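S.K.: Got a structure here, written out as structure tokens. Questions coming.
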Amino acid sequence: MTVKPEWIDFNGHLNMAYYNVLFDQCADEIYGDLGFGPDYHTKTGNTTYVAEFHLAYVRELHVNDPVTVTFHLVDFDAKRFHSYSEIWHTDGWLAATGEAMTLHVDQSGPCVAPMPADILANLSRVGAAHSVLPRPKRLGASIGIPKP
């Protein structure tokens with residue numbers, strides 16, 4: 001992906017909101033492999049909601065910077081999955097990290113609902129492939145002002 005000119009703020013770097021756009025576009029790509037493609041909602045009445053997202057800015061991005069965004073499935077159960085992503089400049093440096101807790105939602109409620117067996121099988125397959133990846137150093141980071 002490439003940082004677009006309209007995403008640049010008055011400080012001359014990528015506006016904070018557009019880091020989320022990059023993470024979201026990455027998720028959209030893997031969603032097809034997981035079974036949550038564009039027609040999933042219309043076929044099933046279900047969708048996904050991100051319940052919590054933690055973003056850490058590591059290094060500034062600027063207009064036309066080429067980036068790659070990674071997706072790591074950390075864990076899942078019948079109703080949710082935990083993922084971790086990184087935005088990497090193609091020169092090899094880390095720009096940002098994002099960690100999400102995503103819920104499977106029945107839109108008729110809306111309420112959190114179990115995922116169908118085929119989706120769980122896809123998550124199992126991806127989870128098994130990702131289980132050999134090292135635990136990301138920034139996974140589970142918290143925010144706060146340390147007290148002496």
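Residues are referred to by chain and number: the chain letter is A, B, ... according to the order shown in the structure tokens, the number counts from 1 in that chain, and ligands are numbered separately from 1 in the order shown.
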Would you kindly return, as a PDB file with N, CA and C atoms, in the first residue's frame, each protein, DNA or RNA residue with an atom no farther than 8 Å from any atom of stretch 37-54 of chain A, considering only C-alpha atoms and excluding same-chain residues fewer than 4 positions away?
M.R.:
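The result, stored in part19.pdb:
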```
ATOM      1  N   ASP A  28      -9.259  -6.513   5.673  1.00  0.00           N
ATOM      2  CA  ASP A  28     -10.164  -6.836   4.573  1.00  0.00           C
ATOM      3  C   ASP A  28      -9.574  -7.906   3.658  1.00  0.00           C
ATOM      4  N   TYR A  31      -9.747 -11.261   5.476  1.00  0.00           N
ATOM      5  CA  TYR A  31     -11.126 -11.661   5.764  1.00  0.00           C
ATOM      6  C   TYR A  31     -11.664 -12.633   4.726  1.00  0.00           C
ATOM      7  N   GLY A  32     -11.286 -12.478   3.487  1.00  0.00           N
ATOM      8  CA  GLY A  32     -11.715 -13.420   2.456  1.00  0.00           C
ATOM      9  C   GLY A  32     -11.232 -14.825   2.750  1.00  0.00           C
ATOM     10  N   ASP A  33      -9.975 -14.956   3.196  1.00  0.00           N
ATOM     11  CA  ASP A  33      -9.421 -16.268   3.541  1.00  0.00           C
ATOM     12  C   ASP A  33     -10.114 -16.874   4.758  1.00  0.00           C
ATOM     13  N   GLY A  98      -0.835  -2.551  15.669  1.00  0.00           N
ATOM     14  CA  GLY A  98      -2.244  -2.525  16.029  1.00  0.00           C
ATOM     15  C   GLY A  98      -2.665  -3.882  16.553  1.00  0.00           C
ATOM     16  N   GLU A  99      -3.453  -3.857  17.615  1.00  0.00           N
ATOM     17  CA  GLU A  99      -3.920  -5.094  18.230  1.00  0.00           C
ATOM     18  C   GLU A  99      -5.435  -5.002  18.381  1.00  0.00           C
ATOM     19  N   ALA A 100      -6.134  -6.038  17.954  1.00  0.00           N
ATOM     20  CA  ALA A 100      -7.600  -5.983  17.933  1.00  0.00           C
ATOM     21  C   ALA A 100      -8.236  -7.191  18.597  1.00  0.00           C
ATOM     22  N   MET A 101      -9.385  -6.934  19.224  1.00  0.00           N
ATOM     23  CA  MET A 101     -10.283  -7.991  19.680  1.00  0.00           C
ATOM     24  C   MET A 101     -11.546  -7.817  18.846  1.00  0.00           C
ATOM     25  N   THR A 102     -11.834  -8.809  18.021  1.00  0.00           N
ATOM     26  CA  THR A 102     -12.948  -8.739  17.085  1.00  0.00           C
ATOM     27  C   THR A 102     -14.021  -9.743  17.490  1.00  0.00           C
ATOM     28  N   LEU A 103     -15.265  -9.295  17.453  1.00  0.00           N
ATOM     29  CA  LEU A 103     -16.407 -10.121  17.844  1.00  0.00           C
ATOM     30  C   LEU A 103     -17.188 -10.565  16.615  1.00  0.00           C
ATOM     31  N   HIS A 104     -17.735 -11.768  16.666  1.00  0.00           N
ATOM     32  CA  HIS A 104     -18.650 -12.243  15.631  1.00  0.00           C
ATOM     33  C   HIS A 104     -20.052 -11.871  16.086  1.00  0.00           C
ATOM     34  N   VAL A 105     -20.796 -11.147  15.245  1.00  0.00           N
ATOM     35  CA  VAL A 105     -22.062 -10.557  15.653  1.00  0.00           C
ATOM     36  C   VAL A 105     -23.207 -10.983  14.748  1.00  0.00           C
ATOM     37  N   ASP A 106     -24.282 -11.415  15.366  1.00  0.00           N
ATOM     38  CA  ASP A 106     -25.549 -11.666  14.677  1.00  0.00           C
ATOM     39  C   ASP A 106     -26.257 -10.322  14.597  1.00  0.00           C
ATOM     40  N   GLN A 107     -26.412  -9.806  13.388  1.00  0.00           N
ATOM     41  CA  GLN A 107     -26.980  -8.480  13.179  1.00  0.00           C
ATOM     42  C   GLN A 107     -28.452  -8.369  13.589  1.00  0.00           C
ATOM     43  N   SER A 108     -29.157  -9.488  13.733  1.00  0.00           N
ATOM     44  CA  SER A 108     -30.580  -9.409  14.077  1.00  0.00           C
ATOM     45  C   SER A 108     -30.784  -8.919  15.498  1.00  0.00           C
TER      46      SER A 108
END
```
S.K.: Per residue of stretch 30-78 of chain A within 10 Å of stretch 122-146 of chain A, record the nearest atom pair and its distance in Å to one decimal, counting only C-alpha atoms, with rows in chain order and ascending residue number, as CSV.
M.R.:
```
residue,atom,partner,partner_atom,distance
A:Ile30,CA,A:Val126,CA,9.8
A:Asp33,CA,A:Asn122,CA,7.3
A:Leu34,CA,A:Asn122,CA,5.2
A:Gly35,CA,A:Asn122,CA,7.1
A:His54,CA,A:Ala141,CA,8.5
A:Leu55,CA,A:Ala141,CA,9.8
A:Ala56,CA,A:Arg138,CA,8.9
A:Phe71,CA,A:His130,CA,9.4
A:His72,CA,A:His130,CA,6.4
A:Leu73,CA,A:Gly127,CA,5.8
A:Val74,CA,A:Gly127,CA,7.1
A:Asp75,CA,A:Gly127,CA,7.0
A:Phe76,CA,A:Leu123,CA,7.4
A:Asp77,CA,A:Leu123,CA,9.1
A:Ala78,CA,A:Leu123,CA,9.9
```
S.K.: Emit the selected residues as a PDB file, in the first residue's frame, including N, CA, C and O atoms.
M.R.:
```pdb
ATOM      1  N   ILE A  30      -7.383 -10.372   4.460  1.00  0.00           N
ATOM      2  CA  ILE A  30      -7.388 -11.711   5.071  1.00  0.00           C
ATOM      3  C   ILE A  30      -8.800 -12.192   5.360  1.00  0.00           C
ATOM      4  O   ILE A  30      -9.050 -13.390   5.445  1.00  0.00           O
ATOM      5  N   ASP A  33      -9.975 -14.956   3.196  1.00  0.00           N
ATOM      6  CA  ASP A  33      -9.421 -16.268   3.541  1.00  0.00           C
ATOM      7  C   ASP A  33     -10.114 -16.874   4.758  1.00  0.00           C
ATOM      8  O   ASP A  33     -10.220 -18.090   4.878  1.00  0.00           O
ATOM      9  N   LEU A  34     -10.579 -16.007   5.653  1.00  0.00           N
ATOM     10  CA  LEU A  34     -11.250 -16.495   6.856  1.00  0.00           C
ATOM     11  C   LEU A  34     -12.708 -16.855   6.599  1.00  0.00           C
ATOM     12  O   LEU A  34     -13.321 -17.563   7.396  1.00  0.00           O
ATOM     13  N   GLY A  35     -13.257 -16.353   5.483  1.00  0.00           N
ATOM     14  CA  GLY A  35     -14.657 -16.612   5.164  1.00  0.00           C
ATOM     15  C   GLY A  35     -15.576 -15.430   5.390  1.00  0.00           C
ATOM     16  O   GLY A  35     -16.780 -15.513   5.189  1.00  0.00           O
ATOM     17  N   HIS A  54      -5.951  -1.375  19.887  1.00  0.00           N
ATOM     18  CA  HIS A  54      -4.835  -0.619  20.463  1.00  0.00           C
ATOM     19  C   HIS A  54      -3.835  -0.330  19.352  1.00  0.00           C
ATOM     20  O   HIS A  54      -3.354  -1.251  18.703  1.00  0.00           O
ATOM     21  N   LEU A  55      -3.529   0.938  19.158  1.00  0.00           N
ATOM     22  CA  LEU A  55      -2.610   1.360  18.107  1.00  0.00           C
ATOM     23  C   LEU A  55      -1.411   2.038  18.743  1.00  0.00           C
ATOM     24  O   LEU A  55      -1.576   2.874  19.635  1.00  0.00           O
ATOM     25  N   ALA A  56      -0.226   1.661  18.327  1.00  0.00           N
ATOM     26  CA  ALA A  56       1.008   2.305  18.793  1.00  0.00           C
ATOM     27  C   ALA A  56       1.736   2.876  17.583  1.00  0.00           C
ATOM     28  O   ALA A  56       1.993   2.160  16.609  1.00  0.00           O
ATOM     29  N   PHE A  71      -0.621  -9.294   9.282  1.00  0.00           N
ATOM     30  CA  PHE A  71      -1.738  -9.737  10.124  1.00  0.00           C
ATOM     31  C   PHE A  71      -1.328 -11.034  10.810  1.00  0.00           C
ATOM     32  O   PHE A  71      -0.899 -11.980  10.142  1.00  0.00           O
ATOM     33  N   HIS A  72      -1.460 -11.084  12.107  1.00  0.00           N
ATOM     34  CA  HIS A  72      -1.095 -12.262  12.891  1.00  0.00           C
ATOM     35  C   HIS A  72      -2.301 -12.641  13.743  1.00  0.00           C
ATOM     36  O   HIS A  72      -2.719 -11.868  14.609  1.00  0.00           O
ATOM     37  N   LEU A  73      -2.874 -13.795  13.489  1.00  0.00           N
ATOM     38  CA  LEU A  73      -3.970 -14.306  14.308  1.00  0.00           C
ATOM     39  C   LEU A  73      -3.353 -14.870  15.586  1.00  0.00           C
ATOM     40  O   LEU A  73      -2.613 -15.842  15.550  1.00  0.00           O
ATOM     41  N   VAL A  74      -3.644 -14.225  16.702  1.00  0.00           N
ATOM     42  CA  VAL A  74      -3.040 -14.596  17.977  1.00  0.00           C
ATOM     43  C   VAL A  74      -3.834 -15.694  18.673  1.00  0.00           C
ATOM     44  O   VAL A  74      -3.271 -16.656  19.193  1.00  0.00           O
ATOM     45  N   ASP A  75      -5.170 -15.551  18.671  1.00  0.00           N
ATOM     46  CA  ASP A  75      -6.014 -16.505  19.380  1.00  0.00           C
ATOM     47  C   ASP A  75      -7.455 -16.342  18.893  1.00  0.00           C
ATOM     48  O   ASP A  75      -7.797 -15.322  18.284  1.00  0.00           O
ATOM     49  N   PHE A  76      -8.286 -17.333  19.182  1.00  0.00           N
ATOM     50  CA  PHE A  76      -9.709 -17.238  18.846  1.00  0.00           C
ATOM     51  C   PHE A  76     -10.486 -18.239  19.673  1.00  0.00           C
ATOM     52  O   PHE A  76      -9.930 -19.204  20.209  1.00  0.00           O
ATOM     53  N   ASP A  77     -11.769 -17.973  19.793  1.00  0.00           N
ATOM     54  CA  ASP A  77     -12.698 -18.941  20.356  1.00  0.00           C
ATOM     55  C   ASP A  77     -13.950 -18.916  19.499  1.00  0.00           C
ATOM     56  O   ASP A  77     -13.930 -18.371  18.384  1.00  0.00           O
ATOM     57  N   ALA A  78     -15.043 -19.457  19.961  1.00  0.00           N
ATOM     58  CA  ALA A  78     -16.239 -19.594  19.146  1.00  0.00           C
ATOM     59  C   ALA A  78     -16.860 -18.265  18.729  1.00  0.00           C
ATOM     60  O   ALA A  78     -17.546 -18.197  17.708  1.00  0.00           O
TER      61      ALA A  78
END
```
S.K.: So which residues of chain A fall under strand (DSSP E or B) by DSSP, listed as JSON, numbers by chain?
M.R.: {"A": [2, 8, 14, 46, 47, 48, 49, 50, 51, 52, 53, 54, 55, 56, 57, 66, 67, 68, 69, 70, 71, 72, 73, 74, 75, 76, 80, 81, 82, 83, 84, 85, 86, 87, 88, 89, 94, 95, 96, 97, 98, 99, 100, 101, 102, 103, 104, 105, 106, 111, 112]}
S.K.: Find the residue from A:Pro116, A:His13, A:Val58, A:Gly109 that sits nearest to A:Trp88; use only C-alpha atoms when measuring.
M.R.: A:Val58
S.K.: Would you mind listing what lies within 10 Å of A:Val3 as a list in words, with only C-alpha atoms counted and same-chain residues fewer than 2 positions away left out?
M.R.: Met1, Pro5, Glu6, Trp7, Ile8, His13, Leu14, Tyr18, Tyr19, Leu22, Leu61, His62, Val63, Asn64, Asp65, Pro66 and Val67 of chain A
S.K.: Tell me, in Å to one decimal, how far atom CA of A:Ser85 is from atom CA of A:Ile119.
M.R.: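 Interatomic distance, atom CA of A:Ser85 to atom CA of A:Ile119: 20.3 Å.
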S.K.: Rounded to one decimal place, report the atom CA of A:Glu86-atom CA of A:Met16 distance in Å.
M.R.: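 Computing it gives 14.6 Å between the two atoms.
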S.K.: Using atom CA of A:Ala121 and atom CA of A:Gln25 as the two end points, give the distance in Å to one decimal.
M.R.: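 About the pair atom CA of A:Ala121 and atom CA of A:Gln25: they are 23.0 Å apart.
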S.K.: Return the single residue from A:Ile87, A:Leu120, A:Ala113, A:Leu94 that is closest to A:Phe23, with distances computed using only C-alpha atoms.
M.R.: A:Ile87
S.K.: With only C-alpha atoms as the atoms that count, which of A:Pro114, A:Cys26, A:Asn15, A:Tyr84 lies nearest to A:Glu60?
M.R.: A:Asn15
